[in-house]
Amino acid sequence: MTEPQSQNGNTLVQVESLKKYFPIRKGVLSREVARVHAVDDVTFSVAEGETLGLVGESGCGKSTLGRCIVRLLEPTAGDIVFDGTSIGGLGARKLRPLRREMQMIFQDPYASLNPRKRVGTIISDPMRIHGIGDRKERKQKVENLLRTVGLSPEHYNRFPHEFSGGQRQRIGVARALALRPKLIVADEPVSALDVSIQAQMVNLLEELQDEFRLTYVFIAHDLGVVRHVSDRIAVMYLGKLVELSPAEELYTRPIMPYTEALLSAVPVPDPDLAERRERIVLEGDVPSPINPPSGCRFHPRCRYATEICSQVEPPLVDYGNGHLAACHHPLNVDKATLAQVQASPAHTPEAADPSALPEDPGKEHAQPVPRPD
Amino acid sequence: MAEQLLEVKGLKVRFTTEDGVVRAVDDVSFELQRGKVLGVVGESGSGKSVTAMTILGLTRDKNTAFEGEVAYRGENLLALPEARLREVRGNEIAMIFQDPMTSLNPVYTVGDQIVEAIVTHEQASKQEAKRRAVELLRQVGIPNPQQRVDDYPHQFSGGMRQRAMIAMALSCNPDVLIADEPTTALDVTIQAQILELLDRLRADFDSAVILITHDLGVVAEVADEIVVMYAGRIVERGAKRQVFYDPQHPYTWGLLGSIPRLDRPKPKKLHSIEGTPPSLINLPQGCKFRPRCPHAFEKCFEEPELRNRVEDRGHLDRCWLTVDQKRSVRESTIAGEERVVA
């Protein structure tokens, strides 16, 4: 759980230039008038046994991305390769056997369990659908699962409303585990729970990962929880992947200014520290994904933005050690790394130092900006 | 010493339900001074929202029984007739609710809703009130308030709606502002904006704020004094630094330990408080935290009272352990290593 495993372990999920646009239709003919760019050209991979944290503000596309990975949504373009099989364009029938391998845990434990079904049925239904075991074996398995997630087998015949939020989320986890999947996409699994229960849940998910060799894509907006569970963390902003980094490094050395702002916005439960530290308060709201800003999508709220940021979209650049970021003015990068990165022809990043601002931003399109020293 | 605006004394709230009597709030006392922020921390069901709503008389019902007193400038709000209470509510004590999506009326414009609050409490003309509404929206940081005042709530984002709620709450210059989880539904970046705004407004308007939250981080940023609630009771109360740096109650330790912290190295395992909060209908005997407390001993079957046990006079707690015992096991409990004292 501590080492970033992106380079070694086998790749379980490979997301390639994934795009998901939602059409907005209007009028009698339901003509498409605009598109919500929910996920826009995102590429990354998840290694077996790894936990990839996916963070960002609401509306950044993290849930849409998670749903595309388990193919609850069909991508507009791009592909997802799961365990060697391309699943981006697979039809429902061909997907079905693969669905056993990937499961999802949902955010709201009150809405994600059918209130009219008993717990036993909720957990055993995935097995029934996939034709696993007979009735008796399934009951046996459900009872074991209930024990695994910290509930009691006697809960088998109860209804969801008889449980507290934390217990319901445990039922959701048991259901996800029922088919022994390889991958679990957990979409905000703890954000609806009280803090003390949140910690129980996080610990449970970690234990289960060790026990069942699970791979997690852990979607959350709480940067504290994400740091605790993740090996690597991907930061999204308005449908784009803006930074991808080994977990600890993201917190000590954020490269993208958006990540820096996000981290500084997290309140610290320590009054003296809260008073001392400088807080970057981002102005305004996240812009609309229907009509995202040109160039770098973060530039209207970025304190380092220059003219190039509104014109050229920064590519995702590798700064070494598996730390990728998309920014024209990277933070916390030493000169040597920067020089190396600039050597690659596609890239135009420069230091976030104000003295390093381009003199004539009009030229930036054509070639990399030389650093002024 | 600053002017004391509000004093809650021995407040008890009970709801009679089909399943039994819910003891939502039990013996809660605190004071609030002008210009101060009181942070009320606790999990769902700890009674923090019921306390706030009771101050404003929003829990009045034939199935609700009250005891104690809520003194606001010499008047007991609990005994006030509804008509007089309506003058206080919104005008002198205002509330910001948790969910900005559901607490604004979707069929009226944001401006109309603020204007309504102003003309209800003051002798202002509609035009005058509208001008004030625009000014308020500007103060809470809504861009283009001239135009946005005529927008409907659905045209606002979550953060803007919460700002509009705050503008409405501030419309009559209240002395006391009660904010019930004002940032819980928001992203961290927007939360930072709102907290900064609340802090600035407290200074500008010189009001007192009761900030209800489950997030100790939020409290650390803005509160002056902290009340920690569990199962309808106050289990610890003190100045912010006393509670954070010398916490006396095992439940406070549990809360401090369960937050994954960005300012500390990552622990192997998060400290979690075992079990779930008790049912308020069927409370455990003695200390209400006893069944979940790793340090419980025989004495805990008797309920400890909330009183001062440490050197600092204003720092109160509800725990039988001696101060030395607490200080010796506290760190390991917060870190999640369990060690029993008694």
# chains A, B, ... in the order shown; residues from 1 in each chain; ligands from 1

call {"tool": "interface_residues", "arguments": {"of": "chain A", "to": "chain B", "cutoff": "10 Å", "atoms": "only C-alpha atoms", "output": "number ranges by chain"}}
result
A: 1-2, 56-58, 164, 166-167, 193-203, 206-207, 221-229, 248, 251-252, 261-275, 279-286

call {"tool": "select_by_dssp", "arguments": {"residues": "range 20-198 of chain A", "states": "strand (DSSP E)", "output": "PyMOL selection string"}}
result
chain A and resi 20-26+31-47+51-55+77-82+85-86+102-105+183-187

call {"tool": "atom_distance", "arguments": {"atom1": "CA of Thr102 in chain B", "atom2": "CA of Val115 in chain B"}}
result
18.8 Å

call {"tool": "residues_around", "arguments": {"residues": "range 173-184 of chain A", "least_positions_apart": "4", "cutoff": "7 Å", "atoms": "only C-alpha atoms", "output": "PyMOL selection string"}}
result
chain A and resi 100-105+122-123+126-127+145-146+149+169+214-217

call {"tool": "write_last_selection", "arguments": {"atoms": "N, CA and C atoms", "output": "PDB file, in the first residue's frame"}}
result
ATOM      1  N   ARG A 100     -18.225  -9.396 -13.871  1.00  0.00           N
ATOM      2  CA  ARG A 100     -17.849 -10.073 -12.631  1.00  0.00           C
ATOM      3  C   ARG A 100     -16.540  -9.546 -12.083  1.00  0.00           C
ATOM      4  N   GLU A 101     -15.705  -9.098 -12.983  1.00  0.00           N
ATOM      5  CA  GLU A 101     -14.342  -8.715 -12.595  1.00  0.00           C
ATOM      6  C   GLU A 101     -14.265  -7.297 -12.057  1.00  0.00           C
ATOM      7  N   MET A 102     -15.295  -6.496 -12.366  1.00  0.00           N
ATOM      8  CA  MET A 102     -15.235  -5.116 -11.895  1.00  0.00           C
ATOM      9  C   MET A 102     -16.552  -4.712 -11.255  1.00  0.00           C
ATOM     10  N   GLN A 103     -16.457  -4.134 -10.089  1.00  0.00           N
ATOM     11  CA  GLN A 103     -17.644  -3.764  -9.338  1.00  0.00           C
ATOM     12  C   GLN A 103     -17.515  -2.335  -8.844  1.00  0.00           C
ATOM     13  N   MET A 104     -18.621  -1.838  -8.358  1.00  0.00           N
ATOM     14  CA  MET A 104     -18.618  -0.451  -7.941  1.00  0.00           C
ATOM     15  C   MET A 104     -19.228  -0.312  -6.545  1.00  0.00           C
ATOM     16  N   ILE A 105     -18.686   0.619  -5.777  1.00  0.00           N
ATOM     17  CA  ILE A 105     -19.292   0.989  -4.495  1.00  0.00           C
ATOM     18  C   ILE A 105     -19.755   2.431  -4.652  1.00  0.00           C
ATOM     19  N   ILE A 122     -29.964  -8.717  -1.711  1.00  0.00           N
ATOM     20  CA  ILE A 122     -29.137  -7.664  -2.307  1.00  0.00           C
ATOM     21  C   ILE A 122     -27.732  -8.193  -2.577  1.00  0.00           C
ATOM     22  N   ILE A 123     -27.189  -8.926  -1.608  1.00  0.00           N
ATOM     23  CA  ILE A 123     -25.812  -9.384  -1.758  1.00  0.00           C
ATOM     24  C   ILE A 123     -25.714 -10.612  -2.665  1.00  0.00           C
ATOM     25  N   PRO A 126     -26.049 -10.521  -7.360  1.00  0.00           N
ATOM     26  CA  PRO A 126     -24.988 -10.589  -8.375  1.00  0.00           C
ATOM     27  C   PRO A 126     -24.565 -12.034  -8.660  1.00  0.00           C
ATOM     28  N   MET A 127     -24.506 -12.878  -7.632  1.00  0.00           N
ATOM     29  CA  MET A 127     -24.101 -14.281  -7.820  1.00  0.00           C
ATOM     30  C   MET A 127     -25.165 -15.038  -8.596  1.00  0.00           C
ATOM     31  N   LEU A 145     -19.663 -13.310   3.651  1.00  0.00           N
ATOM     32  CA  LEU A 145     -19.388 -11.936   3.250  1.00  0.00           C
ATOM     33  C   LEU A 145     -19.808 -10.945   4.328  1.00  0.00           C
ATOM     34  N   LEU A 146     -20.975 -11.194   4.913  1.00  0.00           N
ATOM     35  CA  LEU A 146     -21.448 -10.296   5.969  1.00  0.00           C
ATOM     36  C   LEU A 146     -20.439 -10.254   7.109  1.00  0.00           C
ATOM     37  N   VAL A 149     -17.301  -8.173   6.145  1.00  0.00           N
ATOM     38  CA  VAL A 149     -17.407  -6.709   6.190  1.00  0.00           C
ATOM     39  C   VAL A 149     -17.812  -6.188   7.567  1.00  0.00           C
ATOM     40  N   GLN A 169     -23.345   1.053   4.133  1.00  0.00           N
ATOM     41  CA  GLN A 169     -22.207   1.103   3.226  1.00  0.00           C
ATOM     42  C   GLN A 169     -21.464  -0.225   3.261  1.00  0.00           C
ATOM     43  N   LEU A 214      -7.298  -6.756  -4.128  1.00  0.00           N
ATOM     44  CA  LEU A 214      -8.148  -5.901  -4.937  1.00  0.00           C
ATOM     45  C   LEU A 214      -7.378  -4.723  -5.514  1.00  0.00           C
ATOM     46  N   THR A 215      -7.863  -4.245  -6.626  1.00  0.00           N
ATOM     47  CA  THR A 215      -7.370  -3.000  -7.193  1.00  0.00           C
ATOM     48  C   THR A 215      -8.487  -1.977  -7.024  1.00  0.00           C
ATOM     49  N   TYR A 216      -8.139  -0.812  -6.495  1.00  0.00           N
ATOM     50  CA  TYR A 216      -9.166   0.202  -6.289  1.00  0.00           C
ATOM     51  C   TYR A 216      -8.947   1.419  -7.170  1.00  0.00           C
ATOM     52  N   VAL A 217     -10.044   1.930  -7.706  1.00  0.00           N
ATOM     53  CA  VAL A 217     -10.042   3.323  -8.162  1.00  0.00           C
ATOM     54  C   VAL A 217     -10.909   4.039  -7.140  1.00  0.00           C
TER      55      VAL A 217
END

call {"tool": "select_by_dssp", "arguments": {"residues": "range 2-232 of chain A", "states": "helix (DSSP H, G or I)", "output": "count of residues only"}}
result
87

call {"tool": "residues_around", "arguments": {"residues": "Pro189 in chain A", "least_positions_apart": "2", "cutoff": "6 Å", "atoms": "only C-alpha atoms", "output": "JSON list (two decimals) with C-alpha atoms, in the first residue's frame"}}
result
[["chain", "number", "residue", "atom", "x", "y", "z"],
["A", 106, "PHE", "CA", -21.57, 4.01, -4.55],
["A", 107, "GLN", "CA", -21.56, 7.19, -2.55],
["A", 186, "ALA", "CA", -15.39, 3.25, -5.17],
["A", 187, "ASP", "CA", -17.20, 6.50, -5.85]]

call {"tool": "atom_distance", "arguments": {"atom1": "CA of Asn91 in chain B", "atom2": "CA of Phe66 in chain B"}}
result
23.4 Å

call {"tool": "residues_around", "arguments": {"residues": "Arg86 in chain B", "least_positions_apart": "5", "cutoff": "10 Å", "atoms": "only C-alpha atoms", "output": "VMD selection string"}}
result
chain B and resid 56 to 57 80 to 81 91 to 92 120 to 121

call {"tool": "write_last_selection", "arguments": {"atoms": "N, CA and C atoms", "output": "PDB file, in the first residue's frame"}}
result
ATOM      1  N   LEU B  56     -33.933  29.026  18.197  1.00  0.00           N
ATOM      2  CA  LEU B  56     -34.804  29.821  17.344  1.00  0.00           C
ATOM      3  C   LEU B  56     -36.272  29.404  17.443  1.00  0.00           C
ATOM      4  N   GLY B  57     -36.572  28.479  18.333  1.00  0.00           N
ATOM      5  CA  GLY B  57     -37.956  28.037  18.484  1.00  0.00           C
ATOM      6  C   GLY B  57     -38.475  27.244  17.313  1.00  0.00           C
ATOM      7  N   LEU B  80     -41.098  32.549  25.169  1.00  0.00           N
ATOM      8  CA  LEU B  80     -41.621  33.672  24.396  1.00  0.00           C
ATOM      9  C   LEU B  80     -42.821  33.264  23.546  1.00  0.00           C
ATOM     10  N   PRO B  81     -43.856  34.125  23.498  1.00  0.00           N
ATOM     11  CA  PRO B  81     -44.962  33.793  22.598  1.00  0.00           C
ATOM     12  C   PRO B  81     -44.495  33.837  21.144  1.00  0.00           C
ATOM     13  N   ASN B  91     -34.376  38.464  12.584  1.00  0.00           N
ATOM     14  CA  ASN B  91     -34.030  39.859  12.802  1.00  0.00           C
ATOM     15  C   ASN B  91     -32.847  39.983  13.739  1.00  0.00           C
ATOM     16  N   GLU B  92     -32.933  39.298  14.879  1.00  0.00           N
ATOM     17  CA  GLU B  92     -31.857  39.400  15.857  1.00  0.00           C
ATOM     18  C   GLU B  92     -31.007  38.131  15.896  1.00  0.00           C
ATOM     19  N   THR B 120     -40.197  42.079   6.094  1.00  0.00           N
ATOM     20  CA  THR B 120     -40.891  41.465   7.218  1.00  0.00           C
ATOM     21  C   THR B 120     -40.480  42.118   8.529  1.00  0.00           C
ATOM     22  N   HIS B 121     -39.184  42.447   8.626  1.00  0.00           N
ATOM     23  CA  HIS B 121     -38.682  42.913   9.908  1.00  0.00           C
ATOM     24  C   HIS B 121     -38.510  44.415  10.005  1.00  0.00           C
TER      25      HIS B 121
END

call {"tool": "residues_around", "arguments": {"residues": "range 26-33 of chain B", "least_positions_apart": "5", "cutoff": "7 Å", "atoms": "only C-alpha atoms", "output": "PDB file with N, CA and C atoms, in the first residue's frame"}}
result
ATOM      1  N   ALA B   2     -16.398  41.064  26.750  1.00  0.00           N
ATOM      2  CA  ALA B   2     -17.368  41.401  25.709  1.00  0.00           C
ATOM      3  C   ALA B   2     -18.799  41.182  26.202  1.00  0.00           C
ATOM      4  N   GLU B   3     -19.695  41.829  25.541  1.00  0.00           N
ATOM      5  CA  GLU B   3     -21.107  41.724  25.897  1.00  0.00           C
ATOM      6  C   GLU B   3     -21.619  40.300  25.665  1.00  0.00           C
ATOM      7  N   GLN B   4     -22.305  39.780  26.663  1.00  0.00           N
ATOM      8  CA  GLN B   4     -22.858  38.434  26.505  1.00  0.00           C
ATOM      9  C   GLN B   4     -24.212  38.501  25.813  1.00  0.00           C
ATOM     10  N   LEU B   5     -24.328  37.830  24.683  1.00  0.00           N
ATOM     11  CA  LEU B   5     -25.554  37.944  23.904  1.00  0.00           C
ATOM     12  C   LEU B   5     -26.542  36.838  24.235  1.00  0.00           C
ATOM     13  N   LEU B   6     -25.998  35.628  24.363  1.00  0.00           N
ATOM     14  CA  LEU B   6     -26.886  34.491  24.473  1.00  0.00           C
ATOM     15  C   LEU B   6     -26.386  33.577  25.570  1.00  0.00           C
ATOM     16  N   GLU B   7     -27.309  33.087  26.377  1.00  0.00           N
ATOM     17  CA  GLU B   7     -26.898  32.105  27.370  1.00  0.00           C
ATOM     18  C   GLU B   7     -27.891  30.947  27.365  1.00  0.00           C
ATOM     19  N   VAL B   8     -27.374  29.766  27.134  1.00  0.00           N
ATOM     20  CA  VAL B   8     -28.206  28.568  27.181  1.00  0.00           C
ATOM     21  C   VAL B   8     -27.920  27.893  28.517  1.00  0.00           C
ATOM     22  N   LYS B   9     -28.991  27.637  29.286  1.00  0.00           N
ATOM     23  CA  LYS B   9     -28.796  27.075  30.630  1.00  0.00           C
ATOM     24  C   LYS B   9     -29.569  25.775  30.789  1.00  0.00           C
ATOM     25  N   GLY B  10     -28.869  24.694  30.999  1.00  0.00           N
ATOM     26  CA  GLY B  10     -29.508  23.402  31.296  1.00  0.00           C
ATOM     27  C   GLY B  10     -30.590  23.009  30.305  1.00  0.00           C
ATOM     28  N   LEU B  11     -30.333  23.231  29.029  1.00  0.00           N
ATOM     29  CA  LEU B  11     -31.352  22.949  28.022  1.00  0.00           C
ATOM     30  C   LEU B  11     -31.566  21.449  27.830  1.00  0.00           C
ATOM     31  N   LYS B  12     -32.835  21.060  27.898  1.00  0.00           N
ATOM     32  CA  LYS B  12     -33.186  19.671  27.579  1.00  0.00           C
ATOM     33  C   LYS B  12     -34.290  19.691  26.543  1.00  0.00           C
ATOM     34  N   VAL B  13     -34.165  18.873  25.548  1.00  0.00           N
ATOM     35  CA  VAL B  13     -35.213  18.766  24.535  1.00  0.00           C
ATOM     36  C   VAL B  13     -35.583  17.298  24.394  1.00  0.00           C
ATOM     37  N   ALA B 208     -22.206  37.618  16.775  1.00  0.00           N
ATOM     38  CA  ALA B 208     -21.644  36.391  17.323  1.00  0.00           C
ATOM     39  C   ALA B 208     -22.123  35.241  16.451  1.00  0.00           C
ATOM     40  N   GLY B 232     -26.428  13.987  22.662  1.00  0.00           N
ATOM     41  CA  GLY B 232     -27.264  15.027  23.242  1.00  0.00           C
ATOM     42  C   GLY B 232     -26.632  15.794  24.382  1.00  0.00           C
ATOM     43  N   ARG B 233     -25.403  15.433  24.749  1.00  0.00           N
ATOM     44  CA  ARG B 233     -24.731  16.103  25.863  1.00  0.00           C
ATOM     45  C   ARG B 233     -23.462  16.798  25.407  1.00  0.00           C
ATOM     46  N   ILE B 234     -23.058  17.777  26.213  1.00  0.00           N
ATOM     47  CA  ILE B 234     -21.733  18.346  25.989  1.00  0.00           C
ATOM     48  C   ILE B 234     -20.748  17.462  26.738  1.00  0.00           C
TER      49      ILE B 234
END

call {"tool": "residues_around", "arguments": {"residues": "range 279-291 of chain B", "least_positions_apart": "5", "cutoff": "7 Å", "atoms": "only C-alpha atoms", "output": "number ranges by chain"}}
result
B: 20-24, 231, 296, 300-304

call {"tool": "atom_distance", "arguments": {"atom1": "CA of Leu113 in chain A", "atom2": "CA of Phe163 in chain A"}}
result
11.2 Å
